[in-house]
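Everything on this sheet refers to the single structure shown next.
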Amino acid sequence: MLKKTMQDALNAQMNAEIYSAYLYVSMSAYFESLNLKGFASWMRVQAQEEMMHAMKFYDYILERGGRVMMAAIDAPPTDWDSPLAVFTNTYEHEQKVTALIHTLVDLAVKEKDHATSNFLQWFVGEQVEEESSADAIVQQMKLAGEAPHALFMLDKEYGQRIFQPPTSSKE
Ligand code: FEO
């Protein structure tokens, strides 16, 4: 059975993951408004991944006999100054999520909740990937600079990304 402190913290992280999905859908809509369909598609996939993260918390809370509690989701921004600003925001957002996950791990250790600590390790690894992929796009966009054809090439390349659903809730 989950302790109340841990349950509340896991529910809060589920909310943060749904906010991330909401943020990335908003970024996708921004790219659609610029007719950058590849980046819009990349952001849709990113949003799907975030919902998958949220549902991992949902399933885990239930598995431990806890109570899932949905809460209000903050409104995300809707406009950015440029495509580069969107991916800079993405990178910074993922750094914040990493800090949240690390704080959760600290809490699980403090509460001697080894099962939760083990569950969270997947997210520790996932955040390394999330930060690295956002940072790579920021760096490539900086190299592309003001050259429109370079931006369109990146748009095409990143449009190839597809969502890979987990084959089980443990993945
Ligand atoms: Fe679920 Fe991008 O962190």
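Within each chain, counting starts at residue 1; across the structure tokens, chains are named A, B, ... in the order shown, with ligands numbered 1 upward in that order.
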Exercise for the section: Find the spatial neighbours of Ser20 (chain A), counting only C-alpha atoms, within a cut-off of 9 Å - ignore same-chain residues fewer than 4 positions away - and output them as a list in words. Expected result: Asn15, Ala16, Tyr24, Val25, Gln46, Ala47, Glu50, Met51, Pro76, His93, Glu94 and Val97 of chain A
How would the residues just chosen look if you wrote them out with N, CA and C atoms as a short mmCIF file (atom, residue, chain, number, x, y, z; two decimals), in the first residue's frame?
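Result file is again_23.cif:
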data_model
loop_
_atom_site.label_atom_id
_atom_site.label_comp_id
_atom_site.auth_asym_id
_atom_site.auth_seq_id
_atom_site.Cartn_x
_atom_site.Cartn_y
_atom_site.Cartn_z
N ASN A 15 0.09 14.55 -13.10
CA ASN A 15 -0.43 15.83 -13.58
C ASN A 15 0.63 16.57 -14.41
N ALA A 16 1.88 16.55 -13.93
CA ALA A 16 2.97 17.24 -14.65
C ALA A 16 3.20 16.61 -16.02
N TYR A 24 3.09 20.20 -25.43
CA TYR A 24 3.59 19.78 -26.73
C TYR A 24 2.50 19.82 -27.81
N VAL A 25 1.25 19.60 -27.42
CA VAL A 25 0.17 19.76 -28.40
C VAL A 25 0.09 21.24 -28.80
N GLN A 46 5.62 13.61 -29.48
CA GLN A 46 6.13 13.94 -28.14
C GLN A 46 4.96 13.98 -27.13
N ALA A 47 3.85 14.56 -27.56
CA ALA A 47 2.67 14.63 -26.68
C ALA A 47 2.14 13.22 -26.37
N GLU A 50 4.23 11.71 -23.75
CA GLU A 50 3.95 12.27 -22.41
C GLU A 50 2.69 11.65 -21.81
N MET A 51 1.68 11.40 -22.65
CA MET A 51 0.47 10.75 -22.13
C MET A 51 0.79 9.32 -21.70
N PRO A 76 -1.04 25.95 -21.24
CA PRO A 76 0.32 26.13 -21.75
C PRO A 76 0.42 27.43 -22.56
N HIS A 93 12.07 22.81 -20.47
CA HIS A 93 10.96 22.11 -19.81
C HIS A 93 11.40 20.71 -19.37
N GLU A 94 12.12 20.02 -20.26
CA GLU A 94 12.57 18.67 -19.91
C GLU A 94 13.56 18.69 -18.74
N VAL A 97 11.44 18.78 -15.74
CA VAL A 97 10.83 17.47 -15.47
C VAL A 97 11.86 16.54 -14.82
#
Exercise for the section: Within region 5-92 of chain A, find each residue whose DSSP state, derived from the backbone, is alpha helix (DSSP H), and express the selection as a ChimeraX atom specification. Expected result: /A:5-33,37-63,83-92
Return as CSV the residues of chain A lying at most 12 Å from ligand 1, together with the closest atom-to-atom pair for each and the distance in Å to one decimal, counting only C-alpha atoms and all ligand atoms, with rows in chain order and ascending residue number.
residue,atom,partner,partner_atom_place_in_ligand_line,distance
A:Gln13,CA,ligand 1,1 (Fe),9.0
A:Met14,CA,ligand 1,1 (Fe),9.0
A:Asn15,CA,ligand 1,1 (Fe),10.4
A:Ala16,CA,ligand 1,1 (Fe),8.0
A:Glu17,CA,ligand 1,1 (Fe),5.1
A:Ile18,CA,ligand 1,1 (Fe),8.3
A:Tyr19,CA,ligand 1,1 (Fe),9.4
A:Ser20,CA,ligand 1,2 (Fe),6.5
A:Ala21,CA,ligand 1,1 (Fe),8.1
A:Tyr22,CA,ligand 1,2 (Fe),11.3
A:Leu23,CA,ligand 1,2 (Fe),10.3
A:Tyr24,CA,ligand 1,2 (Fe),9.4
A:Met43,CA,ligand 1,2 (Fe),11.0
A:Val45,CA,ligand 1,2 (Fe),11.1
A:Gln46,CA,ligand 1,2 (Fe),7.5
A:Ala47,CA,ligand 1,2 (Fe),8.5
A:Gln48,CA,ligand 1,1 (Fe),9.9
A:Glu49,CA,ligand 1,1 (Fe),7.0
A:Glu50,CA,ligand 1,1 (Fe),4.7
A:Met51,CA,ligand 1,1 (Fe),7.9
A:Met52,CA,ligand 1,1 (Fe),8.1
A:His53,CA,ligand 1,1 (Fe),5.3
A:Ala54,CA,ligand 1,1 (Fe),7.3
A:Met55,CA,ligand 1,1 (Fe),10.4
A:Lys56,CA,ligand 1,1 (Fe),10.0
A:Phe57,CA,ligand 1,1 (Fe),10.4
A:Asn89,CA,ligand 1,2 (Fe),12.0
A:Thr90,CA,ligand 1,2 (Fe),8.6
A:Tyr91,CA,ligand 1,2 (Fe),9.3
A:Glu92,CA,ligand 1,2 (Fe),10.5
A:His93,CA,ligand 1,2 (Fe),7.9
A:Glu94,CA,ligand 1,2 (Fe),5.5
A:Gln95,CA,ligand 1,2 (Fe),8.9
A:Lys96,CA,ligand 1,3 (O),9.0
A:Val97,CA,ligand 1,3 (O),5.8
A:Thr98,CA,ligand 1,3 (O),7.4
A:Ala99,CA,ligand 1,3 (O),10.5
A:Leu100,CA,ligand 1,3 (O),9.7
A:Ile101,CA,ligand 1,3 (O),9.0
A:Leu120,CA,ligand 1,1 (Fe),11.6
A:Trp122,CA,ligand 1,1 (Fe),10.8
A:Phe123,CA,ligand 1,1 (Fe),7.7
A:Val124,CA,ligand 1,3 (O),9.8
A:Gly125,CA,ligand 1,3 (O),10.6
A:Glu126,CA,ligand 1,3 (O),7.5
A:Gln127,CA,ligand 1,3 (O),6.3
A:Val128,CA,ligand 1,3 (O),9.8
A:Glu129,CA,ligand 1,2 (Fe),9.0
A:Glu130,CA,ligand 1,2 (Fe),5.8
A:Glu131,CA,ligand 1,2 (Fe),8.0
A:Ser132,CA,ligand 1,2 (Fe),11.0
A:Ser133,CA,ligand 1,2 (Fe),10.3
A:Ala134,CA,ligand 1,2 (Fe),9.6
Exercise for the section: Between A:Leu36, A:Ala108, A:Met6, A:Ala29, single out the one closest to Lys156 (chain A), counting only C-alpha atoms. Expected result: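 Closest to Lys156 (chain A), using only C-alpha atoms: A:Leu36.
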Exercise for the section: Might you pull out every residue within 12 Å of Asp81 (chain A), with only C-alpha atoms counted and same-chain residues fewer than 5 positions away left off, and present them as a PyMOL selection string? Expected result: chain A and resi 27+30-31+34+86-89
Hey, can you spit out that residue selection with N, CA and C atoms as a short mmCIF file (atom, residue, chain, number, x, y, z; two decimals), in the first residue's frame?
data_model
loop_
_atom_site.label_atom_id
_atom_site.label_comp_id
_atom_site.auth_asym_id
_atom_site.auth_seq_id
_atom_site.Cartn_x
_atom_site.Cartn_y
_atom_site.Cartn_z
N MET A 27 2.57 23.34 -28.82
CA MET A 27 3.71 23.60 -29.71
C MET A 27 3.43 23.05 -31.11
N TYR A 30 1.33 25.47 -32.88
CA TYR A 30 2.13 26.62 -33.31
C TYR A 30 2.87 26.30 -34.62
N PHE A 31 3.47 25.10 -34.68
CA PHE A 31 4.18 24.71 -35.91
C PHE A 31 3.20 24.58 -37.09
N LEU A 34 2.69 27.76 -38.73
CA LEU A 34 3.82 28.21 -39.57
C LEU A 34 3.96 27.31 -40.80
N VAL A 86 10.87 27.54 -29.57
CA VAL A 86 10.04 26.39 -29.15
C VAL A 86 10.93 25.27 -28.61
N PHE A 87 11.99 24.95 -29.35
CA PHE A 87 12.83 23.83 -28.92
C PHE A 87 13.70 24.20 -27.71
N THR A 88 14.04 25.48 -27.58
CA THR A 88 14.75 25.92 -26.37
C THR A 88 13.83 25.74 -25.17
N ASN A 89 12.57 26.10 -25.35
CA ASN A 89 11.55 25.92 -24.30
C ASN A 89 11.39 24.43 -23.97
#
Handout entry: Spatial neighbours of Lys37 (chain A), max dist 9 Å, only C-alpha atoms, sep filter under 2 positions, as a list in words
Key =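 Residues near the query, excluding close chain neighbours: Ser28, Phe31, Glu32, Leu34, Asn35, Phe39, Ala40, Ser41, Trp42, Asp155, Lys156 and Gly159 of chain A.
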Write the selection just made, keeping N, CA and C atoms, as a compact mmCIF listing (two decimals), in the first residue's frame?
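Final output, saved to selection-v2.txt:
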# COMPACT_ATOMS: atom_id res chain seq x y z
N SER A 28 2.76 21.91 -31.16
CA SER A 28 2.41 21.32 -32.46
C SER A 28 1.50 22.27 -33.22
N PHE A 31 3.47 25.10 -34.68
CA PHE A 31 4.18 24.71 -35.91
C PHE A 31 3.20 24.58 -37.09
N GLU A 32 2.00 24.09 -36.81
CA GLU A 32 0.99 24.01 -37.88
C GLU A 32 0.71 25.41 -38.42
N LEU A 34 2.69 27.76 -38.73
CA LEU A 34 3.82 28.21 -39.57
C LEU A 34 3.96 27.31 -40.80
N ASN A 35 3.07 26.32 -40.91
CA ASN A 35 3.13 25.34 -41.99
C ASN A 35 4.39 24.48 -41.95
N PHE A 39 7.81 19.40 -37.91
CA PHE A 39 7.95 19.71 -36.48
C PHE A 39 6.62 19.54 -35.75
N ALA A 40 5.52 19.89 -36.45
CA ALA A 40 4.20 19.73 -35.84
C ALA A 40 3.96 18.25 -35.53
N SER A 41 4.36 17.39 -36.46
CA SER A 41 4.18 15.96 -36.26
C SER A 41 5.09 15.45 -35.14
N TRP A 42 6.33 15.95 -35.09
CA TRP A 42 7.28 15.56 -34.02
C TRP A 42 6.68 15.89 -32.65
N ASP A 155 12.82 20.22 -40.86
CA ASP A 155 11.39 19.95 -40.71
C ASP A 155 11.03 18.59 -41.32
N LYS A 156 11.58 18.36 -42.51
CA LYS A 156 11.33 17.11 -43.21
C LYS A 156 11.89 15.93 -42.42
N GLY A 159 10.01 15.18 -39.21
CA GLY A 159 8.66 14.69 -39.49
C GLY A 159 8.61 13.17 -39.62
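Each of A:Thr103, A:Thr167, A:Gln7, A:Gln139 was compared to Gly65 (chain A) using only C-alpha atoms, and A:Gln7 turns out to be the nearest.
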Exercise for the section: Point out the residue among A:Arg44, A:Arg161, A:His102, A:Lys112 with the least atom-to-atom distance to Lys3 (chain A), counting only C-alpha atoms. Expected result: A:Lys112
Exercise for the section: Would you work out the distance separating CA of Leu143 (chain A) from CA of Gly38 (chain A), expressed in Å to one decimal? Expected result: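 Pair CA of Leu143 (chain A) / CA of Gly38 (chain A) returns 18.1 Å.
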Exercise for the section: In Å, rounded to a single decimal, give me how far CA of Phe152 (chain A) is from CA of Thr78 (chain A). Expected result: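 Distance reported for this atom pair: 21.9 Å.
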Problem - Residue contacts of Glu63 (chain A) (12 Å, only C-alpha atoms) excluding same-chain residues fewer than 2 positions away, as a list in words - result: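 My reading of the contact set: Met1, Leu2, Gln7, Met55, Lys56, Phe57, Tyr58, Asp59, Tyr60, Ile61, Gly65, Gly66, Arg67, Val68, Ala115, Thr116, Phe119, Ser169 and Lys170 of chain A.
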Could you dump the residues just selected with all heavy atoms as a compact mmCIF listing (two decimals), in the first residue's frame?
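Produced file again-v9.txt, reproduced below:
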# COMPACT_ATOMS: atom_id res chain seq x y z
N MET A 1 0.86 -1.21 0.00
CA MET A 1 0.00 0.00 0.00
C MET A 1 0.89 1.25 0.00
O MET A 1 1.87 1.31 0.73
CB MET A 1 -0.88 -0.04 1.26
CG MET A 1 -1.92 1.06 1.32
SD MET A 1 -3.34 0.72 0.23
CE MET A 1 -4.35 2.13 0.50
N LEU A 2 0.50 2.21 -0.81
CA LEU A 2 1.27 3.46 -0.89
C LEU A 2 1.00 4.35 0.31
O LEU A 2 -0.14 4.45 0.75
CB LEU A 2 0.83 4.24 -2.12
CG LEU A 2 1.44 3.96 -3.48
CD1 LEU A 2 0.76 4.84 -4.51
CD2 LEU A 2 2.92 4.21 -3.47
N GLN A 7 1.76 8.80 -2.50
CA GLN A 7 0.62 8.82 -3.43
C GLN A 7 0.38 10.23 -3.97
O GLN A 7 0.18 10.43 -5.17
CB GLN A 7 -0.63 8.30 -2.72
CG GLN A 7 -1.88 8.39 -3.58
CD GLN A 7 -3.11 7.86 -2.86
OE1 GLN A 7 -3.21 6.66 -2.60
NE2 GLN A 7 -4.05 8.74 -2.54
N MET A 55 0.22 7.80 -18.00
CA MET A 55 -0.51 6.56 -17.73
C MET A 55 0.34 5.52 -17.00
O MET A 55 -0.19 4.65 -16.32
CB MET A 55 -1.10 5.98 -19.03
CG MET A 55 -2.18 6.87 -19.66
SD MET A 55 -3.42 7.50 -18.50
CE MET A 55 -4.41 6.03 -18.19
N LYS A 56 1.66 5.64 -17.13
CA LYS A 56 2.53 4.77 -16.34
C LYS A 56 2.34 5.09 -14.86
O LYS A 56 2.28 4.19 -14.03
CB LYS A 56 4.01 4.98 -16.70
CG LYS A 56 4.50 4.15 -17.86
CD LYS A 56 5.96 4.48 -18.12
CE LYS A 56 6.50 3.69 -19.29
NZ LYS A 56 6.77 2.27 -18.96
N PHE A 57 2.26 6.39 -14.52
CA PHE A 57 2.01 6.78 -13.12
C PHE A 57 0.63 6.31 -12.69
O PHE A 57 0.45 5.78 -11.58
CB PHE A 57 2.17 8.29 -12.94
CG PHE A 57 3.62 8.69 -12.85
CD1 PHE A 57 4.31 9.14 -13.97
CD2 PHE A 57 4.31 8.59 -11.66
CE1 PHE A 57 5.65 9.48 -13.90
CE2 PHE A 57 5.67 8.92 -11.57
CZ PHE A 57 6.33 9.37 -12.70
N TYR A 58 -0.34 6.49 -13.58
CA TYR A 58 -1.73 6.07 -13.30
C TYR A 58 -1.75 4.57 -12.94
O TYR A 58 -2.28 4.17 -11.90
CB TYR A 58 -2.56 6.35 -14.56
CG TYR A 58 -4.03 6.03 -14.50
CD1 TYR A 58 -4.98 7.04 -14.36
CD2 TYR A 58 -4.48 4.72 -14.66
CE1 TYR A 58 -6.34 6.75 -14.34
CE2 TYR A 58 -5.83 4.42 -14.63
CZ TYR A 58 -6.76 5.44 -14.48
OH TYR A 58 -8.10 5.15 -14.46
N ASP A 59 -1.15 3.77 -13.82
CA ASP A 59 -1.16 2.31 -13.61
C ASP A 59 -0.40 1.92 -12.34
O ASP A 59 -0.82 1.03 -11.61
CB ASP A 59 -0.52 1.59 -14.81
CG ASP A 59 -1.42 1.63 -16.04
OD1 ASP A 59 -2.64 1.83 -15.88
OD2 ASP A 59 -0.89 1.48 -17.16
N TYR A 60 0.72 2.61 -12.10
CA TYR A 60 1.52 2.26 -10.93
C TYR A 60 0.79 2.58 -9.63
O TYR A 60 0.80 1.77 -8.68
CB TYR A 60 2.88 2.99 -10.99
CG TYR A 60 3.72 2.67 -9.78
CD1 TYR A 60 4.34 1.42 -9.66
CD2 TYR A 60 3.88 3.58 -8.74
CE1 TYR A 60 5.09 1.09 -8.53
CE2 TYR A 60 4.63 3.26 -7.62
CZ TYR A 60 5.23 2.02 -7.52
OH TYR A 60 5.95 1.69 -6.40
N ILE A 61 0.14 3.74 -9.58
CA ILE A 61 -0.61 4.11 -8.36
C ILE A 61 -1.68 3.03 -8.09
O ILE A 61 -1.82 2.56 -6.95
CB ILE A 61 -1.25 5.51 -8.52
CG1 ILE A 61 -0.17 6.58 -8.61
CG2 ILE A 61 -2.19 5.81 -7.34
CD1 ILE A 61 -0.67 7.96 -9.08
N GLY A 65 -2.31 -0.16 -5.01
CA GLY A 65 -3.51 -0.01 -4.17
C GLY A 65 -3.80 1.43 -3.80
O GLY A 65 -4.52 1.69 -2.82
N GLY A 66 -3.24 2.35 -4.57
CA GLY A 66 -3.46 3.78 -4.28
C GLY A 66 -4.67 4.33 -5.01
O GLY A 66 -5.39 3.61 -5.71
N ARG A 67 -4.88 5.61 -4.84
CA ARG A 67 -6.03 6.29 -5.44
C ARG A 67 -5.52 7.32 -6.44
O ARG A 67 -4.74 8.22 -6.08
CB ARG A 67 -6.83 6.96 -4.32
CG ARG A 67 -7.98 7.82 -4.76
CD ARG A 67 -9.23 6.98 -5.06
NE ARG A 67 -10.41 7.82 -5.12
CZ ARG A 67 -10.82 8.47 -6.21
NH1 ARG A 67 -10.13 8.40 -7.34
NH2 ARG A 67 -11.91 9.21 -6.16
N VAL A 68 -5.96 7.17 -7.70
CA VAL A 68 -5.59 8.14 -8.74
C VAL A 68 -6.50 9.34 -8.60
O VAL A 68 -7.72 9.19 -8.50
CB VAL A 68 -5.74 7.51 -10.15
CG1 VAL A 68 -5.64 8.57 -11.23
CG2 VAL A 68 -4.70 6.42 -10.37
N ALA A 115 10.00 -0.04 -3.83
CA ALA A 115 9.26 -0.35 -5.06
C ALA A 115 9.10 0.90 -5.91
O ALA A 115 9.31 0.88 -7.13
CB ALA A 115 7.90 -0.94 -4.72
N THR A 116 8.76 2.02 -5.26
CA THR A 116 8.58 3.27 -6.03
C THR A 116 9.92 3.75 -6.57
O THR A 116 10.02 4.22 -7.70
CB THR A 116 7.90 4.34 -5.15
OG1 THR A 116 6.62 3.84 -4.77
CG2 THR A 116 7.73 5.66 -5.90
N PHE A 119 10.54 1.74 -9.59
CA PHE A 119 9.63 2.18 -10.67
C PHE A 119 10.16 3.46 -11.33
O PHE A 119 10.11 3.61 -12.55
CB PHE A 119 8.22 2.40 -10.08
CG PHE A 119 7.31 3.22 -10.95
CD1 PHE A 119 6.73 2.68 -12.10
CD2 PHE A 119 7.00 4.54 -10.62
CE1 PHE A 119 5.89 3.44 -12.90
CE2 PHE A 119 6.15 5.31 -11.42
CZ PHE A 119 5.60 4.76 -12.57
N SER A 169 2.79 -2.25 -20.01
CA SER A 169 2.84 -1.06 -19.16
C SER A 169 4.16 -0.99 -18.40
O SER A 169 4.47 0.00 -17.77
CB SER A 169 1.68 -1.06 -18.18
OG SER A 169 1.81 -2.15 -17.31
N LYS A 170 4.96 -2.06 -18.47
CA LYS A 170 6.23 -2.07 -17.74
C LYS A 170 7.36 -1.46 -18.58
O LYS A 170 8.47 -1.33 -18.13
CB LYS A 170 6.62 -3.50 -17.34
CG LYS A 170 5.55 -4.22 -16.52
CD LYS A 170 5.46 -3.64 -15.11
CE LYS A 170 4.53 -4.39 -14.20
NZ LYS A 170 3.13 -4.38 -14.61
